[in-house]
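Q: For reference, this is my_file.cif, and it has mmCIF, C-alpha atoms.
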```cif
data_run
#
loop_
_atom_site.label_atom_id
_atom_site.label_comp_id
_atom_site.auth_asym_id
_atom_site.auth_seq_id
_atom_site.Cartn_x
_atom_site.Cartn_y
_atom_site.Cartn_z
CA MET L 9 -20.67 -7.26 -36.14
CA GLN L 10 -17.16 -7.91 -34.86
CA ASN L 11 -15.52 -5.33 -32.61
CA ASN L 12 -12.24 -6.54 -31.19
CA PRO L 13 -9.17 -4.43 -31.93
CA SER L 14 -6.83 -6.70 -29.99
CA GLU L 15 -7.99 -9.67 -32.06
CA PHE L 16 -7.36 -7.60 -35.17
CA GLN L 17 -3.79 -6.93 -34.09
CA HIS L 18 -3.17 -10.67 -33.79
CA GLU L 19 -4.57 -11.45 -37.20
CA ARG L 20 -2.94 -8.42 -38.75
CA SER L 21 0.49 -9.61 -37.77
CA ALA L 22 -0.29 -13.04 -39.24
CA GLU L 23 -1.98 -11.98 -42.48
CA GLY L 24 -1.26 -8.29 -43.05
CA GLU L 25 2.44 -8.26 -42.35
CA ILE L 26 5.03 -7.11 -44.86
CA GLN L 27 5.86 -10.14 -46.97
CA GLU L 28 9.51 -10.86 -47.67
CA THR L 29 9.63 -11.02 -51.45
CA GLU L 30 12.53 -11.25 -53.87
CA ASN L 31 13.27 -8.19 -56.04
CA VAL L 32 11.26 -5.92 -53.75
CA SER L 33 12.93 -2.80 -52.40
CA TYR L 34 12.20 -1.80 -48.82
CA ARG L 35 14.33 1.37 -49.03
CA ILE L 36 12.13 4.46 -48.85
CA SER L 37 14.70 6.38 -50.91
CA ASP L 38 13.72 4.14 -53.84
CA TYR L 39 10.21 5.61 -53.70
CA ASP L 40 11.27 9.20 -54.25
CA TYR L 41 10.75 11.39 -57.31
CA GLU L 42 11.20 15.00 -58.37
CA LEU L 43 8.01 16.99 -58.99
CA PRO L 44 7.95 20.50 -60.45
CA GLN L 45 6.23 22.73 -57.89
CA GLU L 46 3.85 24.15 -60.47
CA LEU L 47 2.26 20.70 -60.88
CA ILE L 48 0.97 20.71 -57.30
CA ALA L 49 -2.71 21.58 -57.74
CA GLN L 50 -3.70 24.57 -55.61
CA GLN L 51 -7.40 24.63 -56.48
CA PRO L 52 -9.94 21.94 -57.41
CA ILE L 53 -10.97 21.80 -61.04
CA GLU L 54 -14.56 22.49 -62.10
CA PRO L 55 -16.59 20.43 -62.61
CA ARG L 56 -15.22 17.68 -60.40
CA ASP L 57 -15.16 15.02 -63.13
CA ALA L 58 -13.28 17.26 -65.60
CA SER L 59 -10.02 16.16 -63.98
CA ARG L 60 -7.71 14.02 -66.09
CA LEU L 61 -7.51 10.26 -65.66
CA LEU L 62 -4.38 8.21 -66.30
CA VAL L 63 -5.53 4.64 -66.97
CA VAL L 64 -2.86 2.07 -66.06
CA HIS L 65 -3.24 -1.49 -67.33
CA ARG L 66 -1.27 -3.71 -64.95
CA ALA L 67 -1.34 -6.76 -67.22
CA THR L 68 0.28 -5.03 -70.21
CA GLY L 69 1.85 -1.89 -68.75
CA ALA L 70 -0.13 0.23 -71.22
CA LEU L 71 -1.12 3.79 -70.28
CA GLU L 72 -4.12 5.78 -71.56
CA HIS L 73 -4.92 9.46 -71.14
CA ARG L 74 -8.60 10.15 -70.48
CA HIS L 75 -10.82 12.33 -68.28
CA PHE L 76 -12.47 11.19 -65.09
CA ARG L 77 -15.93 11.53 -66.62
CA ASP L 78 -14.93 8.64 -68.94
CA ILE L 79 -14.33 6.18 -66.12
CA GLY L 80 -17.49 4.27 -66.96
CA ASP L 81 -15.78 3.07 -70.15
CA TYR L 82 -13.55 0.89 -67.95
CA LEU L 83 -16.20 -0.41 -65.56
CA ARG L 84 -18.47 -3.36 -66.30
CA GLU L 85 -21.94 -4.37 -65.26
CA GLY L 86 -21.68 -6.08 -61.89
CA ASP L 87 -18.51 -4.28 -60.83
CA LEU L 88 -18.64 -2.83 -57.32
CA LEU L 89 -17.18 0.54 -56.34
CA ILE L 90 -16.29 0.80 -52.64
CA ALA L 91 -15.82 4.39 -51.44
CA ASN L 92 -14.95 5.99 -48.10
CA GLN L 93 -17.89 8.04 -46.78
CA SER L 94 -15.89 9.79 -44.02
CA ARG L 95 -16.41 13.53 -43.81
CA VAL L 96 -13.64 16.00 -42.99
CA ILE L 97 -14.22 17.93 -39.80
CA PRO L 98 -13.04 21.56 -39.45
CA ALA L 99 -10.15 20.16 -37.46
CA ARG L 100 -7.83 23.18 -37.37
CA LEU L 101 -8.40 25.18 -34.19
CA LEU L 102 -6.66 28.48 -33.45
CA GLY L 103 -6.45 29.34 -29.77
CA LYS L 104 -4.47 31.04 -27.01
CA ARG L 105 -2.68 29.50 -24.07
CA GLU L 106 -4.39 30.27 -20.79
CA GLY L 107 -2.34 32.62 -18.67
CA THR L 108 0.16 33.77 -21.29
CA GLY L 109 -2.10 34.42 -24.29
CA GLY L 110 0.45 32.78 -26.60
CA ALA L 111 -0.91 31.63 -29.96
CA VAL L 112 -1.56 27.90 -30.30
CA GLU L 113 -2.65 25.87 -33.33
CA VAL L 114 -4.33 22.50 -32.82
CA LEU L 115 -5.05 19.92 -35.52
CA LEU L 116 -7.58 17.31 -34.40
CA LEU L 117 -6.67 13.83 -35.63
CA ALA L 118 -8.89 11.26 -33.98
CA GLN L 119 -11.59 11.27 -31.33
CA ARG L 120 -10.70 9.05 -28.36
CA ALA L 121 -14.02 8.05 -26.83
CA ASP L 122 -12.15 5.32 -24.94
CA LEU L 123 -10.54 8.06 -22.82
CA GLY L 124 -13.70 9.99 -22.04
CA PRO L 125 -16.12 12.42 -23.68
CA ASP L 126 -14.82 15.04 -26.10
CA THR L 127 -11.25 13.76 -25.89
CA TRP L 128 -9.09 13.99 -29.02
CA GLU L 129 -5.67 13.02 -30.23
CA ALA L 130 -4.16 16.09 -31.86
CA LEU L 131 -1.06 17.77 -33.20
CA VAL L 132 -0.21 21.04 -31.45
CA ARG L 133 2.06 23.92 -32.39
CA PRO L 134 4.16 25.10 -30.66
CA GLY L 135 4.31 21.77 -28.83
CA ARG L 136 7.28 21.95 -26.50
CA ARG L 137 5.66 24.31 -23.99
CA LEU L 138 2.28 22.55 -23.92
CA ARG L 139 2.78 19.99 -21.20
CA GLU L 140 0.31 17.98 -19.16
CA GLY L 141 -2.25 20.22 -17.46
CA ALA L 142 -1.81 23.21 -19.80
CA ARG L 143 -5.05 24.81 -21.02
CA ILE L 144 -5.84 26.37 -24.39
CA LEU L 145 -8.76 28.75 -24.96
CA PHE L 146 -10.68 28.93 -28.24
CA GLY L 147 -13.52 30.85 -29.85
CA ASP L 148 -13.45 34.28 -28.19
CA ASP L 149 -14.90 37.31 -29.95
CA GLN L 150 -13.28 40.39 -28.47
CA ALA L 151 -15.10 42.76 -30.84
CA ALA L 152 -18.45 41.47 -29.58
CA GLY L 153 -17.26 41.25 -25.98
CA LEU L 154 -17.75 37.47 -25.86
CA PRO L 155 -15.52 35.19 -23.76
CA PRO L 156 -13.78 32.09 -25.12
CA ARG L 157 -16.33 29.34 -25.72
CA LEU L 158 -14.09 26.30 -25.60
CA GLN L 159 -11.14 25.15 -23.54
CA GLY L 160 -8.81 22.23 -24.11
CA GLU L 161 -6.73 20.63 -21.37
CA ILE L 162 -3.58 18.73 -22.30
CA LEU L 163 -3.86 15.26 -20.75
CA ARG L 164 -0.57 13.80 -21.95
CA ARG L 165 1.85 13.43 -24.82
CA THR L 166 1.41 10.58 -27.31
CA GLU L 167 4.12 8.22 -28.53
CA ALA L 168 3.90 9.84 -31.99
CA GLY L 169 4.60 13.30 -30.56
CA GLY L 170 1.01 14.58 -30.49
CA ARG L 171 -1.17 15.38 -27.51
CA LEU L 172 -4.33 14.00 -25.94
CA ILE L 173 -6.69 16.92 -25.28
CA ARG L 174 -10.03 17.00 -23.43
CA PHE L 175 -12.37 19.76 -24.55
CA THR L 176 -15.08 21.42 -22.45
CA LEU L 177 -17.11 24.60 -22.60
CA THR L 178 -15.49 27.39 -20.58
CA PRO L 179 -17.05 28.46 -17.27
CA GLU L 180 -17.34 32.03 -18.60
CA TYR L 181 -19.31 30.84 -21.62
CA LEU L 182 -21.59 28.65 -19.47
CA THR L 183 -22.26 31.65 -17.20
CA LEU L 184 -23.13 33.81 -20.19
CA LEU L 185 -25.54 31.15 -21.53
CA ALA L 186 -27.20 30.85 -18.12
CA GLN L 187 -27.71 34.60 -17.98
CA ARG L 188 -29.39 34.42 -21.38
CA HIS L 189 -31.41 31.31 -20.41
CA ALA L 190 -29.86 29.53 -23.38
CA THR L 191 -29.15 25.80 -23.65
CA PRO L 192 -25.41 25.01 -23.79
CA PRO L 193 -24.38 23.54 -27.16
CA ALA L 194 -22.50 20.27 -27.50
CA VAL L 195 -18.71 20.58 -27.63
CA ALA L 196 -18.77 19.03 -31.12
CA GLN L 197 -21.08 21.81 -32.32
CA VAL L 198 -18.71 24.50 -31.05
CA ILE L 199 -15.77 22.80 -32.75
CA GLU L 200 -17.81 22.73 -35.98
CA GLU L 201 -18.47 26.47 -35.66
CA ILE L 202 -15.00 27.72 -34.77
CA GLY L 203 -12.80 25.18 -36.57
CA ARG L 204 -11.22 25.67 -39.97
CA MET L 205 -10.78 23.20 -42.80
CA PRO L 206 -7.37 21.48 -42.42
CA LEU L 207 -5.96 21.77 -45.93
CA PRO L 208 -2.63 20.01 -46.54
CA PRO L 209 0.47 22.21 -46.12
CA TYR L 210 1.34 22.06 -49.83
CA ILE L 211 -1.92 23.89 -50.65
CA ARG L 212 -1.10 27.55 -50.09
CA GLU L 213 -4.14 29.20 -51.65
CA PRO L 214 -7.37 29.68 -49.65
CA LEU L 215 -10.33 27.50 -50.61
CA ALA L 216 -13.39 29.55 -51.52
CA ASN L 217 -15.86 26.70 -50.97
CA PRO L 218 -14.96 24.27 -48.14
CA GLU L 219 -17.34 21.67 -49.62
CA ARG L 220 -14.86 21.15 -52.44
CA TYR L 221 -12.63 19.43 -49.90
CA GLN L 222 -15.46 16.95 -49.23
CA THR L 223 -16.69 14.12 -51.44
CA VAL L 224 -20.30 14.43 -52.62
CA TYR L 225 -21.16 11.33 -50.56
CA ALA L 226 -19.33 12.30 -47.34
CA ARG L 227 -21.70 11.86 -44.41
CA ILE L 228 -19.90 10.51 -41.31
CA ALA L 229 -17.75 13.21 -39.68
CA GLY L 230 -14.36 12.27 -38.30
CA SER L 231 -11.47 12.78 -40.75
CA ALA L 232 -8.56 15.20 -40.48
CA ALA L 233 -8.04 15.03 -44.27
CA ALA L 234 -10.22 14.17 -47.25
CA PRO L 235 -10.19 10.76 -48.96
CA THR L 236 -9.20 12.61 -52.11
CA ALA L 237 -9.73 9.94 -54.78
CA GLY L 238 -13.46 10.43 -54.27
CA LEU L 239 -13.36 14.18 -54.93
CA HIS L 240 -13.69 13.53 -58.68
CA PHE L 241 -17.18 12.03 -58.51
CA THR L 242 -20.30 14.10 -59.17
CA PRO L 243 -23.85 12.98 -58.34
CA GLU L 244 -24.55 12.78 -62.07
CA LEU L 245 -21.52 10.57 -62.73
CA LEU L 246 -22.54 8.23 -59.91
CA ASP L 247 -26.05 8.02 -61.40
CA ARG L 248 -24.63 7.17 -64.84
CA LEU L 249 -22.48 4.41 -63.37
CA ARG L 250 -25.46 2.92 -61.51
CA ALA L 251 -27.48 3.04 -64.73
CA GLN L 252 -24.85 0.92 -66.51
CA GLY L 253 -25.03 -1.71 -63.78
CA VAL L 254 -22.12 -0.66 -61.56
CA ARG L 255 -22.96 -1.06 -57.89
CA ILE L 256 -21.68 1.32 -55.20
CA GLY L 257 -21.05 0.60 -51.54
CA PHE L 258 -19.55 2.63 -48.72
CA VAL L 259 -17.12 2.01 -45.89
CA THR L 260 -15.62 4.40 -43.35
CA LEU L 261 -12.03 5.16 -42.44
CA HIS L 262 -11.43 8.36 -40.51
CA VAL L 263 -8.16 9.69 -41.89
CA GLY L 264 -5.75 10.46 -39.08
CA LEU L 265 -2.13 10.98 -38.14
CA ASP L 266 -0.33 9.00 -40.83
CA THR L 267 -1.60 11.27 -43.59
CA PHE L 268 0.59 13.99 -42.05
CA ARG L 269 3.54 11.83 -41.06
CA PRO L 270 6.16 10.90 -43.70
CA VAL L 271 8.12 7.69 -43.66
CA ASP L 272 11.22 8.91 -41.85
CA VAL L 273 13.17 5.64 -41.69
CA GLU L 274 15.17 4.25 -44.60
CA ASP L 275 13.91 0.66 -44.17
CA VAL L 276 10.11 0.81 -44.52
CA ARG L 277 9.81 -2.34 -42.40
CA ASP L 278 10.82 -0.17 -39.41
CA HIS L 279 7.99 2.33 -39.98
CA LYS L 280 5.21 2.26 -37.38
CA MET L 281 1.71 2.91 -38.71
CA HIS L 282 -0.68 4.79 -36.46
CA SER L 283 -4.11 3.32 -35.75
CA GLU L 284 -7.16 4.63 -37.63
CA GLU L 285 -10.84 3.93 -37.02
CA ILE L 286 -12.65 1.83 -39.64
CA ASP L 287 -16.18 0.56 -40.17
CA ILE L 288 -17.92 -1.75 -42.63
CA ASP L 289 -21.55 -2.74 -42.09
CA GLU L 290 -23.35 -6.02 -42.78
CA ALA L 291 -25.01 -4.83 -46.01
CA THR L 292 -21.74 -3.63 -47.56
CA ALA L 293 -19.90 -6.78 -46.53
CA GLU L 294 -22.57 -8.89 -48.20
CA LEU L 295 -22.43 -6.72 -51.33
CA ILE L 296 -18.69 -7.35 -51.57
CA ASN L 297 -19.12 -11.09 -51.06
CA GLU L 298 -21.87 -11.25 -53.70
CA THR L 299 -19.60 -9.47 -56.16
CA ARG L 300 -16.72 -11.85 -55.52
CA ARG L 301 -18.94 -14.93 -55.80
CA ALA L 302 -20.20 -13.66 -59.16
CA GLY L 303 -16.64 -13.23 -60.44
CA ARG L 304 -17.01 -9.45 -60.73
CA ARG L 305 -14.48 -6.83 -59.69
CA VAL L 306 -14.20 -4.93 -56.42
CA VAL L 307 -12.92 -1.44 -57.34
CA ALA L 308 -11.60 0.58 -54.40
CA VAL L 309 -12.04 4.35 -54.52
CA GLY L 310 -8.85 5.51 -52.85
CA THR L 311 -6.19 4.04 -50.62
CA THR L 312 -8.36 4.44 -47.51
CA SER L 313 -10.98 2.11 -48.98
CA VAL L 314 -8.20 -0.35 -49.83
CA ARG L 315 -7.04 -0.34 -46.22
CA VAL L 316 -10.54 -1.01 -44.88
CA LEU L 317 -11.13 -3.93 -47.24
CA GLU L 318 -7.71 -5.50 -46.83
CA SER L 319 -7.73 -5.00 -43.06
CA VAL L 320 -11.03 -6.81 -42.65
CA ALA L 321 -9.95 -9.59 -45.00
CA SER L 322 -6.72 -9.98 -43.01
CA LEU L 323 -8.75 -10.31 -39.83
CA PHE L 324 -11.14 -12.95 -41.20
CA ASN L 325 -8.76 -15.15 -43.21
CA GLY L 326 -9.57 -13.57 -46.57
CA GLN L 327 -13.31 -13.18 -45.94
CA VAL L 328 -15.16 -9.85 -45.68
CA ARG L 329 -17.47 -9.40 -42.70
CA ALA L 330 -18.97 -6.49 -40.81
CA TYR L 331 -16.44 -4.88 -38.51
CA HIS L 332 -15.99 -1.79 -36.39
CA GLY L 333 -12.63 -1.14 -34.79
CA HIS L 334 -9.16 0.11 -35.70
CA THR L 335 -6.47 -0.76 -38.20
CA ASN L 336 -2.74 -0.12 -38.48
CA LEU L 337 -2.30 -2.26 -41.59
CA PHE L 338 0.77 -1.09 -43.53
CA ILE L 339 0.68 -2.17 -47.19
CA THR L 340 4.05 -2.20 -48.93
CA PRO L 341 5.46 -3.94 -52.02
CA GLY L 342 5.31 -7.65 -51.35
CA TYR L 343 1.84 -7.53 -49.80
CA ARG L 344 -0.67 -10.04 -51.27
CA PHE L 345 -4.02 -8.36 -51.94
CA LYS L 346 -7.06 -10.34 -50.89
CA VAL L 347 -10.08 -8.29 -52.00
CA VAL L 348 -9.24 -5.31 -54.22
CA ASP L 349 -9.20 -5.93 -58.00
CA ALA L 350 -8.83 -2.35 -59.26
CA LEU L 351 -8.01 1.00 -57.69
CA ILE L 352 -8.95 4.64 -58.30
CA THR L 353 -6.37 6.92 -56.70
CA ASN L 354 -4.70 10.32 -56.92
CA PHE L 355 -0.98 10.99 -57.38
CA HIS L 356 0.80 10.74 -54.04
CA LEU L 357 3.68 12.40 -52.24
CA PRO L 358 7.13 10.83 -52.65
CA ARG L 359 8.47 8.76 -49.76
CA SER L 360 4.93 8.27 -48.38
CA THR L 361 2.98 5.26 -47.15
CA LEU L 362 0.53 5.88 -50.00
CA ILE L 363 3.07 5.61 -52.80
CA LEU L 364 4.23 2.37 -51.17
CA LEU L 365 0.63 1.08 -51.28
CA VAL L 366 0.09 1.85 -54.97
CA SER L 367 3.51 0.38 -55.75
CA ALA L 368 2.42 -2.78 -53.95
CA PHE L 369 -0.74 -2.91 -56.06
CA ALA L 370 0.66 -2.13 -59.51
CA GLY L 371 4.38 -2.81 -59.13
CA LYS L 372 7.13 -0.29 -58.43
CA ALA L 373 8.40 -0.12 -62.03
CA LEU L 374 4.94 0.50 -63.50
CA ILE L 375 4.13 3.19 -60.93
CA GLU L 376 7.45 4.92 -61.74
CA LYS L 377 6.60 4.75 -65.45
CA ALA L 378 3.10 6.15 -64.85
CA TYR L 379 4.32 8.99 -62.61
CA GLN L 380 7.01 10.05 -65.07
CA GLU L 381 4.46 10.02 -67.89
CA ALA L 382 2.08 12.10 -65.78
CA ILE L 383 4.83 14.65 -65.14
CA ARG L 384 5.70 14.79 -68.85
CA GLN L 385 2.01 15.31 -69.70
CA ARG L 386 1.64 18.01 -67.03
CA TYR L 387 -0.92 16.22 -64.89
CA ARG L 388 -1.95 17.95 -61.66
CA PHE L 389 -0.71 16.26 -58.47
CA TYR L 390 -1.85 15.58 -54.90
CA SER L 391 -5.15 16.35 -53.14
CA PHE L 392 -6.77 18.64 -55.74
CA GLY L 393 -4.96 16.99 -58.63
CA ASP L 394 -5.84 14.43 -61.28
CA ALA L 395 -6.54 10.71 -60.88
CA MET L 396 -5.25 7.28 -61.85
CA LEU L 397 -7.22 4.13 -62.54
CA LEU L 398 -5.14 1.02 -61.87
CA LEU L 399 -6.72 -1.95 -63.65
#
```
Translate the structure described by the file into structure tokens.

A:
Amino acid sequence: MQNNPSEFQHERSAEGEIQETENVSYRISDYDYELPQELIAQQPIEPRDASRLLVVHRATGALEHRHFRDIGDYLREGDLLIANQSRVIPARLLGKREGTGGAVEVLLLAQRADLGPDTWEALVRPGRRLREGARILFGDDQAAGLPPRLQGEILRRTEAGGRLIRFTLTPEYLTLLAQRHATPPAVAQVIEEIGRMPLPPYIREPLANPERYQTVYARIAGSAAAPTAGLHFTPELLDRLRAQGVRIGFVTLHVGLDTFRPVDVEDVRDHKMHSEEIDIDEATAELINETRRAGRRVVAVGTTSVRVLESVASLFNGQVRAYHGHTNLFITPGYRFKVVDALITNFHLPRSTLILLVSAFAGKALIEKAYQEAIRQRYRFYSFGDAMLLL
């Protein structure tokens, strides 16, 4: 397995760069659209595969209105689905600043093992007063007379405006455990217990079942947001697809800062993508290569899966191999896809890196046509919304 982020950066700039292409707009204002607020889905639909599916045929521009449970009608024996198995962590922590007691909200974005144990990159609010050395206390239970269990120390500010925070158990909590002859838990376990699910800001209603913001195959914890294209699959649907000869493989991309950061420059070529951790193992890489050799299709489940596949292919001159490292690949119109033949995706926010990616895959004009049709037909948008299949 390869593990060399610096080598990836070199190859990324050679193979994954934004291609200068005629008749391609690099103005982010050209990737804007008006969406009625009532079309922003506030709750997931039941069952998962009852969501609607807008099928987009890239070759002809034709659109079809189906339901997600029908997706097998468009998949063939030998096709390979590649899905992101990352699991959302309860990354929203509510705490108090040590000394003043002021309320602090922390959103964990990415674990930074390279900087030491239990160190995270995070967004903090309010941020201006939380400088290097400040401490935040989490997980107290005043009603039960329990001290804060967790403390976070601000190490430094990041270039993107976030913070690097190192978490430890508080001395008061360790003293209490010693008095009770109890074994101290891991910091990750405490975060799991006291954290809250980090729903996107456009979802204003509480989620009754946090598992509905996880895919049914999520198993590797690390994301600050769900890879939402996969939310539509049920175990039964996956079984039906396997029974018709569709193969399924898994990669990992832990969704981080860029999900929460809009493109805030007019020329998208000036936008800086943040790094996200990715992983593809030997077995999955071979499955992809077998599929390509057989002339079958690689169907990415979501934009995160696209970025894993295209990042690895950019690193290895179009080939797919096992890899663990980081990617900051930014896919915009003009990019030449190397691996992905079809894409399952949700409807994305305007002026976002994700709408740029789907426009690169299907063409800006066709994506505009599909989105306007979805609005006319009252599709549900964003994380808990309906899906598209780009063929």

Q: Quick one: pull the distance between CA of Val306 in chain L and CA of Ile352 in chain L, Å, one decimal.

A: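 A separation of 11.1 Å between them.
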
Q: Can you work out the spacing between CA of Val198 in chain L and CA of Arg157 in chain L in Å, to one decimal?

A: 7.6 Å

Q: Please determine, counting all atoms listed in the file, which residue among L:Ala321, L:Ala190, L:Leu102, L:Leu184 has the shortest atom-to-atom distance to Val132 in chain L.

A: L:Leu102

Q: What does the PyMOL selection byres ((chain L and resi 139-153) around 12) select in this file, as number ranges by chain?

A: L: 100-114, 132-138, 154-166, 169-181, 184, 195, 198-204

Q: What is the CA of Ile288 in chain L-CA of Met396 in chain L distance in Å, reported with one decimal?

A: 24.7 Å

Q: Pick out the closest residue to Leu362 in chain L from this set: L:Phe338, L:Phe241, L:Tyr331, L:Phe345. Count only C-alpha atoms.

A: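 Nearest candidate to Leu362 in chain L out of L:Phe338, L:Phe241, L:Tyr331, L:Phe345: L:Phe338.
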
Q: Neighbouring residues of Leu83 in chain L were defined as those with any atom within 9 Å, considering only C-alpha atoms; residues of the same chain fewer than 6 positions away were excluded. Please report them as a ChimeraX atom specification.

A: /L:249,252,254,305,307
